[in-house]
Amino acid sequence: QAIWNTAHGRPFQITLGEQSVLESHFSPALALFAPVYWLWSDIRVLAILQAALMSGAGLLIYWYLRDEQPWLGLAVYAAYLMHPALHQVYLSGFRRETLAILTTSLVLFFLLRRRYGWMLFWLAVTLLTKEDMGFTCFGVGLYLTALERRWKLGLPLAACGLAYVILIPYKVMPALAGGGSYAMAEAYFSYLGHSPGQMLRAALTQPSLWLHYLLQGARLRAVARFFLPSLGLFVLAPQIAAFLLPYMAYMLLSSSDALGLLGGWYPSVLLVFLFWAVALGARRLPLGWQKPAAGLLVGAGLACWAAFSQLWPGPNFQPALFQVTAHDQQV
């Protein structure tokens with residue numbers, strides 16, 4: 001609705017409890033989707049576009065490996081497409097994170113190619129998709145500082161990312177909403193406090209508060225299911241796998257089961273970091289091990305699809321969700 005209204009001259013307006021979609025999340029990049037409604041004013045255009053963006057994020061991984069190890073790139077891409085969490089994200093509907101899936105992959109693609117101008121461009125677009133994308137900026141800054149020794153670029157980016165995840169939700173968004181507080185923090189992290197300072201202090205001095213959520217069996221099983229299709233290859237590329245940490249902590253330490261169980265659309269960006277790390281990790285294997293690892297990776301993807309996915313033939317497939325009802329036709 002916000003995208004359709006933006007396409008018709010009412011930027012970001014909605015009628016579902018808020019006046020603007022920016023009151024709940026900072027996502028001005030949604031405006032980039034508005035022109036597609038000028039071409040085809042039909043909700044299906046967003047479903048098609050989302051599929052292209054999500055698959056394109058994995059295609060970049062193949063593109064990165066195609067010159068030297070195209071077969072390995074194809075195996076990683078196939079495993080990415082078969083991951084049950086990717087199916088889950090898509091079936092959750094059109095989400096703000098859709099664009100971030102592709103732009104985050106572009107950031108890593110150009111970061112690894114050391115083409116920093118394009119990296120900065122796509123990083124800027126990523127930041128405009130949601131307020132928590134500052135974690136990516138922070139991670140890129142640390143990567144450039146620690147591994148590339150590019151202090152003049154890395155340190156400002158790390159500082160910018162840290163400032164972004166604090167100032168946007170706690171200063172900019174309340175101002176846009178005409179006052180109040182950051183709803184997500186109040187809903188999911190108020191057990192730690194009501195400001196970044198209070199939360200940090202409680203996390204350091206009272207670890208039992210967040211350990212209560214982190215060590216829940218259901219959450220640990222959800223994490224295991226998320227990493228299972230990767231066969232652990234991501235640990236061979238810790239410099240990329242480290243990008244997962246702030247997002248994973250953000251989800252697992254929340255009081256929300258939707259977040260803590262990596263449900264719905266929440267694993268979106270996690271999938272990008274996971275499979276870039278899988279690709280670089282697999283490439284570090286001895287040459288004689290790479291083809292067997294690629295075969296096992298595809299096999300693991302198929303097995304996890306069959307065991308966990310919401311798409312046929314997965315056990316959580318619900319045919320009713322794919323049937324057009326009279327109500328759907330009226331809409």
# chains A, B, ... in the order shown; residues from 1 in each chain; ligands from 1

call {"tool": "residues_around", "arguments": {"residues": "segment 247-258 of chain A", "least_positions_apart": "2", "cutoff": "6 Å", "atoms": "only C-alpha atoms", "output": "MDAnalysis selection string"}}
result
chainID A and resid 188:189 210 213:214 244:245 260:261 263

call {"tool": "residues_around", "arguments": {"residues": "Leu30 of chain A", "least_positions_apart": "6", "cutoff": "12 Å", "atoms": "only C-alpha atoms", "output": "VMD selection string"}}
result
chain A and resid 1 to 7 11 to 13 20 to 22 36 46 94 to 100 125 to 130

call {"tool": "residues_around", "arguments": {"residues": "segment 133-138 of chain A", "least_positions_apart": "2", "cutoff": "7 Å", "atoms": "only C-alpha atoms", "output": "JSON, numbers by chain"}}
result
{"A": [123, 126, 127, 130, 131, 140, 141, 142, 157, 158, 159, 161, 162, 164, 165, 243, 246]}

call {"tool": "write_last_selection", "arguments": {"atoms": "C-alpha atoms", "output": "short mmCIF file (atom, residue, chain, number, x, y, z; two decimals), in the first residue's frame"}}
result
data_model
loop_
_atom_site.label_atom_id
_atom_site.label_comp_id
_atom_site.auth_asym_id
_atom_site.auth_seq_id
_atom_site.Cartn_x
_atom_site.Cartn_y
_atom_site.Cartn_z
CA LEU A 123 26.02 0.37 0.91
CA THR A 126 21.29 -0.77 1.76
CA LEU A 127 21.16 1.69 4.64
CA LYS A 130 15.87 -0.50 7.11
CA GLU A 131 17.37 1.00 10.26
CA VAL A 140 32.26 -3.37 6.32
CA GLY A 141 34.15 -0.71 8.23
CA LEU A 142 35.74 -3.27 10.54
CA LEU A 157 32.33 3.55 7.92
CA ALA A 158 32.41 1.67 11.22
CA ALA A 159 31.56 4.86 13.10
CA GLY A 161 27.26 2.23 10.96
CA LEU A 162 27.29 2.39 14.75
CA TYR A 164 23.14 4.77 12.23
CA VAL A 165 21.74 1.94 14.35
CA PHE A 243 28.94 -10.24 9.46
CA PRO A 246 25.25 -8.61 15.08
#

call {"tool": "residues_around", "arguments": {"residues": "Leu274 of chain A", "least_positions_apart": "6", "cutoff": "10 Å", "atoms": "only C-alpha atoms", "output": "list in words"}}
result
Tyr80, Phe226, Phe227, Ser230, Gly232, Leu233, Phe234, Val235, Ala237, Ile240, Ala241, Ala242, Phe243 and Leu244 of chain A

call {"tool": "write_last_selection", "arguments": {"atoms": "N, CA and C atoms", "output": "mmCIF file, in the first residue's frame"}}
result
data_model
loop_
_atom_site.group_PDB
_atom_site.id
_atom_site.type_symbol
_atom_site.label_atom_id
_atom_site.label_comp_id
_atom_site.auth_asym_id
_atom_site.auth_seq_id
_atom_site.Cartn_x
_atom_site.Cartn_y
_atom_site.Cartn_z
ATOM 1 N N TYR A 80 21.892 -22.162 -2.105
ATOM 2 C CA TYR A 80 21.218 -20.926 -1.671
ATOM 3 C C TYR A 80 19.746 -20.959 -2.057
ATOM 4 N N PHE A 226 19.110 -23.427 10.532
ATOM 5 C CA PHE A 226 19.538 -22.384 9.596
ATOM 6 C C PHE A 226 20.916 -22.699 9.019
ATOM 7 N N PHE A 227 21.832 -23.179 9.853
ATOM 8 C CA PHE A 227 23.197 -23.438 9.399
ATOM 9 C C PHE A 227 23.379 -24.823 8.770
ATOM 10 N N SER A 230 24.455 -25.496 5.107
ATOM 11 C CA SER A 230 25.765 -24.966 4.712
ATOM 12 C C SER A 230 26.901 -25.951 4.963
ATOM 13 N N GLY A 232 28.576 -26.307 7.457
ATOM 14 C CA GLY A 232 29.627 -25.687 8.265
ATOM 15 C C GLY A 232 30.749 -25.059 7.474
ATOM 16 N N LEU A 233 30.623 -24.974 6.149
ATOM 17 C CA LEU A 233 31.706 -24.421 5.325
ATOM 18 C C LEU A 233 31.942 -22.942 5.601
ATOM 19 N N PHE A 234 30.956 -22.264 6.183
ATOM 20 C CA PHE A 234 31.103 -20.833 6.459
ATOM 21 C C PHE A 234 32.218 -20.557 7.467
ATOM 22 N N VAL A 235 32.556 -21.539 8.314
ATOM 23 C CA VAL A 235 33.590 -21.301 9.321
ATOM 24 C C VAL A 235 34.971 -21.157 8.681
ATOM 25 N N ALA A 237 35.572 -19.213 6.275
ATOM 26 C CA ALA A 237 35.688 -17.810 5.858
ATOM 27 C C ALA A 237 35.185 -16.918 6.988
ATOM 28 N N ILE A 240 33.944 -13.216 6.619
ATOM 29 C CA ILE A 240 32.603 -12.936 6.101
ATOM 30 C C ILE A 240 31.545 -13.446 7.078
ATOM 31 N N ALA A 241 31.779 -14.604 7.664
ATOM 32 C CA ALA A 241 30.825 -15.156 8.628
ATOM 33 C C ALA A 241 30.607 -14.203 9.804
ATOM 34 N N ALA A 242 31.610 -13.387 10.124
ATOM 35 C CA ALA A 242 31.483 -12.449 11.239
ATOM 36 C C ALA A 242 30.374 -11.428 11.014
ATOM 37 N N PHE A 243 30.027 -11.167 9.742
ATOM 38 C CA PHE A 243 28.940 -10.235 9.455
ATOM 39 C C PHE A 243 27.612 -10.740 10.018
ATOM 40 N N LEU A 244 27.499 -12.055 10.216
ATOM 41 C CA LEU A 244 26.270 -12.637 10.745
ATOM 42 C C LEU A 244 26.031 -12.264 12.207
#

call {"tool": "residues_around", "arguments": {"residues": "segment 297-305 of chain A", "least_positions_apart": "6", "cutoff": "6 Å", "atoms": "only C-alpha atoms", "output": "PDB file with C-alpha atoms, in the first residue's frame"}}
result
ATOM      1  CA  ALA A  75      26.716 -25.556  -6.355  1.00  0.00           C
ATOM      2  CA  ALA A  79      22.242 -24.554  -2.211  1.00  0.00           C
ATOM      3  CA  MET A  82      17.138 -24.543  -1.959  1.00  0.00           C
ATOM      4  CA  PRO A  84      14.208 -23.447   3.395  1.00  0.00           C
ATOM      5  CA  PRO A 229      22.373 -26.736   4.753  1.00  0.00           C
ATOM      6  CA  GLY A 314       8.721 -29.885   1.814  1.00  0.00           C
TER       7      GLY A 314
END

call {"tool": "closest_atom_pairs", "arguments": {"of": "segment 23-135 of chain A", "to": "segment 173-180 of chain A", "cutoff": "8 Å", "atoms": "only C-alpha atoms", "output": "CSV"}}
result
residue,atom,partner,partner_atom,distance
A:Glu23,CA,A:Ala177,CA,5.4
A:Ser24,CA,A:Met173,CA,7.8
A:His25,CA,A:Met173,CA,7.6
A:Phe26,CA,A:Met173,CA,6.8

call {"tool": "closest_residue", "arguments": {"among": "A:Leu147, A:Ala279, A:Ile101, A:Ile168", "to": "Trp71 of chain A", "atoms": "only C-alpha atoms"}}
result
A:Ala279

call {"tool": "atom_distance", "arguments": {"atom1": "atom CA of Glu148 of chain A", "atom2": "atom CA of Cys160 of chain A"}}
result
18.2 Å

call {"tool": "select_by_dssp", "arguments": {"residues": "segment 12-177 of chain A", "states": "alpha helix (DSSP H)", "output": "mmCIF file with C-alpha atoms, in the first residue's frame"}}
result
data_model
loop_
_atom_site.group_PDB
_atom_site.id
_atom_site.type_symbol
_atom_site.label_atom_id
_atom_site.label_comp_id
_atom_site.auth_asym_id
_atom_site.auth_seq_id
_atom_site.Cartn_x
_atom_site.Cartn_y
_atom_site.Cartn_z
ATOM 1 C CA ALA A 34 7.030 2.886 -6.955
ATOM 2 C CA PRO A 35 7.821 3.227 -10.705
ATOM 3 C CA VAL A 36 6.959 -0.438 -11.310
ATOM 4 C CA TYR A 37 3.324 0.432 -10.585
ATOM 5 C CA TRP A 38 3.464 2.945 -13.428
ATOM 6 C CA LEU A 39 4.287 0.043 -15.739
ATOM 7 C CA ARG A 44 1.867 -9.464 -8.790
ATOM 8 C CA VAL A 45 4.562 -7.191 -10.171
ATOM 9 C CA LEU A 46 6.058 -6.978 -6.668
ATOM 10 C CA ALA A 47 5.998 -10.776 -6.310
ATOM 11 C CA ILE A 48 7.890 -11.130 -9.590
ATOM 12 C CA LEU A 49 10.338 -8.383 -8.676
ATOM 13 C CA GLN A 50 10.978 -9.917 -5.260
ATOM 14 C CA ALA A 51 11.803 -13.284 -6.847
ATOM 15 C CA ALA A 52 14.259 -11.585 -9.219
ATOM 16 C CA LEU A 53 15.966 -9.641 -6.436
ATOM 17 C CA MET A 54 16.281 -12.635 -4.122
ATOM 18 C CA SER A 55 17.607 -14.966 -6.803
ATOM 19 C CA GLY A 56 19.904 -12.219 -8.102
ATOM 20 C CA ALA A 57 21.629 -11.997 -4.722
ATOM 21 C CA GLY A 58 22.735 -15.617 -5.060
ATOM 22 C CA LEU A 59 23.595 -15.211 -8.725
ATOM 23 C CA LEU A 60 26.241 -12.673 -7.716
ATOM 24 C CA ILE A 61 28.002 -15.414 -5.740
ATOM 25 C CA TYR A 62 28.174 -17.580 -8.849
ATOM 26 C CA TRP A 63 29.351 -14.536 -10.847
ATOM 27 C CA TYR A 64 32.181 -13.997 -8.369
ATOM 28 C CA LEU A 65 33.407 -17.613 -8.711
ATOM 29 C CA PRO A 70 32.158 -22.051 -12.103
ATOM 30 C CA TRP A 71 30.970 -25.489 -10.956
ATOM 31 C CA LEU A 72 31.590 -24.512 -7.327
ATOM 32 C CA GLY A 73 29.716 -21.258 -7.886
ATOM 33 C CA LEU A 74 26.759 -23.174 -9.325
ATOM 34 C CA ALA A 75 26.716 -25.556 -6.355
ATOM 35 C CA VAL A 76 26.672 -22.682 -3.856
ATOM 36 C CA TYR A 77 23.972 -20.899 -5.875
ATOM 37 C CA ALA A 78 21.851 -24.064 -5.974
ATOM 38 C CA ALA A 79 22.242 -24.554 -2.211
ATOM 39 C CA TYR A 80 21.218 -20.926 -1.671
ATOM 40 C CA LEU A 81 18.073 -21.329 -3.776
ATOM 41 C CA MET A 82 17.138 -24.543 -1.959
ATOM 42 C CA PRO A 84 14.208 -23.447 3.395
ATOM 43 C CA ALA A 85 14.673 -19.995 4.944
ATOM 44 C CA LEU A 86 14.792 -18.415 1.484
ATOM 45 C CA HIS A 87 11.440 -20.011 0.632
ATOM 46 C CA GLN A 88 10.087 -18.882 3.993
ATOM 47 C CA VAL A 89 11.177 -15.277 3.406
ATOM 48 C CA TYR A 90 9.562 -15.175 -0.037
ATOM 49 C CA LEU A 91 6.287 -16.673 1.148
ATOM 50 C CA GLU A 97 14.289 -6.436 3.314
ATOM 51 C CA THR A 98 13.751 -7.612 -0.279
ATOM 52 C CA LEU A 99 15.937 -4.894 -1.764
ATOM 53 C CA ALA A 100 18.524 -5.299 1.020
ATOM 54 C CA ILE A 101 19.037 -8.946 0.051
ATOM 55 C CA LEU A 102 20.352 -7.891 -3.355
ATOM 56 C CA THR A 103 22.144 -4.700 -2.311
ATOM 57 C CA THR A 104 23.943 -6.446 0.556
ATOM 58 C CA SER A 105 25.167 -9.074 -1.886
ATOM 59 C CA LEU A 106 26.350 -6.272 -4.192
ATOM 60 C CA VAL A 107 28.200 -4.658 -1.270
ATOM 61 C CA LEU A 108 30.101 -7.893 -0.605
ATOM 62 C CA PHE A 109 30.721 -8.485 -4.315
ATOM 63 C CA PHE A 110 32.399 -5.111 -4.780
ATOM 64 C CA LEU A 111 34.099 -5.227 -1.358
ATOM 65 C CA LEU A 112 35.831 -8.481 -2.303
ATOM 66 C CA TYR A 116 35.127 0.665 -3.255
ATOM 67 C CA GLY A 117 33.206 3.306 -5.190
ATOM 68 C CA TRP A 118 30.487 0.854 -6.212
ATOM 69 C CA MET A 119 30.647 -0.720 -2.757
ATOM 70 C CA LEU A 120 29.852 2.643 -1.151
ATOM 71 C CA PHE A 121 27.001 3.280 -3.565
ATOM 72 C CA TRP A 122 25.268 -0.019 -2.794
ATOM 73 C CA LEU A 123 26.020 0.370 0.910
ATOM 74 C CA ALA A 124 24.164 3.694 0.861
ATOM 75 C CA VAL A 125 21.151 2.051 -0.800
ATOM 76 C CA THR A 126 21.286 -0.769 1.759
ATOM 77 C CA LEU A 127 21.161 1.693 4.641
ATOM 78 C CA GLY A 134 23.731 -0.037 9.965
ATOM 79 C CA PHE A 135 25.165 -3.319 11.233
ATOM 80 C CA THR A 136 26.321 -4.055 7.672
ATOM 81 C CA CYS A 137 28.018 -0.673 7.427
ATOM 82 C CA PHE A 138 29.715 -1.291 10.769
ATOM 83 C CA GLY A 139 30.902 -4.724 9.604
ATOM 84 C CA VAL A 140 32.256 -3.374 6.319
ATOM 85 C CA GLY A 141 34.151 -0.712 8.233
ATOM 86 C CA LEU A 142 35.739 -3.267 10.543
ATOM 87 C CA TYR A 143 36.611 -5.509 7.575
ATOM 88 C CA LEU A 144 38.374 -2.675 5.754
ATOM 89 C CA THR A 145 40.167 -1.560 8.901
ATOM 90 C CA ALA A 146 41.306 -4.946 10.216
ATOM 91 C CA TRP A 151 41.935 3.012 8.025
ATOM 92 C CA LYS A 152 40.772 6.206 6.320
ATOM 93 C CA LEU A 153 37.830 4.403 4.751
ATOM 94 C CA GLY A 154 37.164 1.682 7.302
ATOM 95 C CA LEU A 155 37.067 3.678 10.544
ATOM 96 C CA PRO A 156 34.574 6.307 9.283
ATOM 97 C CA LEU A 157 32.330 3.555 7.917
ATOM 98 C CA ALA A 158 32.413 1.668 11.215
ATOM 99 C CA ALA A 159 31.563 4.864 13.097
ATOM 100 C CA CYS A 160 28.809 5.680 10.599
ATOM 101 C CA GLY A 161 27.264 2.227 10.961
ATOM 102 C CA LEU A 162 27.289 2.393 14.750
ATOM 103 C CA ALA A 163 25.779 5.885 14.723
ATOM 104 C CA TYR A 164 23.145 4.775 12.226
ATOM 105 C CA VAL A 165 21.739 1.940 14.350
ATOM 106 C CA ILE A 166 21.445 4.344 17.293
ATOM 107 C CA LEU A 167 20.443 7.701 15.811
ATOM 108 C CA MET A 173 12.161 7.898 13.481
ATOM 109 C CA PRO A 174 10.558 9.426 16.631
ATOM 110 C CA ALA A 175 10.882 12.833 14.958
ATOM 111 C CA LEU A 176 9.141 11.527 11.818
#

call {"tool": "atom_distance", "arguments": {"atom1": "atom CA of Leu287 of chain A", "atom2": "atom CA of Pro238 of chain A"}}
result
19.8 Å

call {"tool": "atom_distance", "arguments": {"atom1": "atom CA of Val324 of chain A", "atom2": "atom CA of Phe33 of chain A"}}
result
25.0 Å

call {"tool": "closest_residue", "arguments": {"among": "A:Gln310, A:Gln216, A:Ser181, A:Ser208", "to": "Ser195 of chain A", "atoms": "only C-alpha atoms"}}
result
A:Ser181
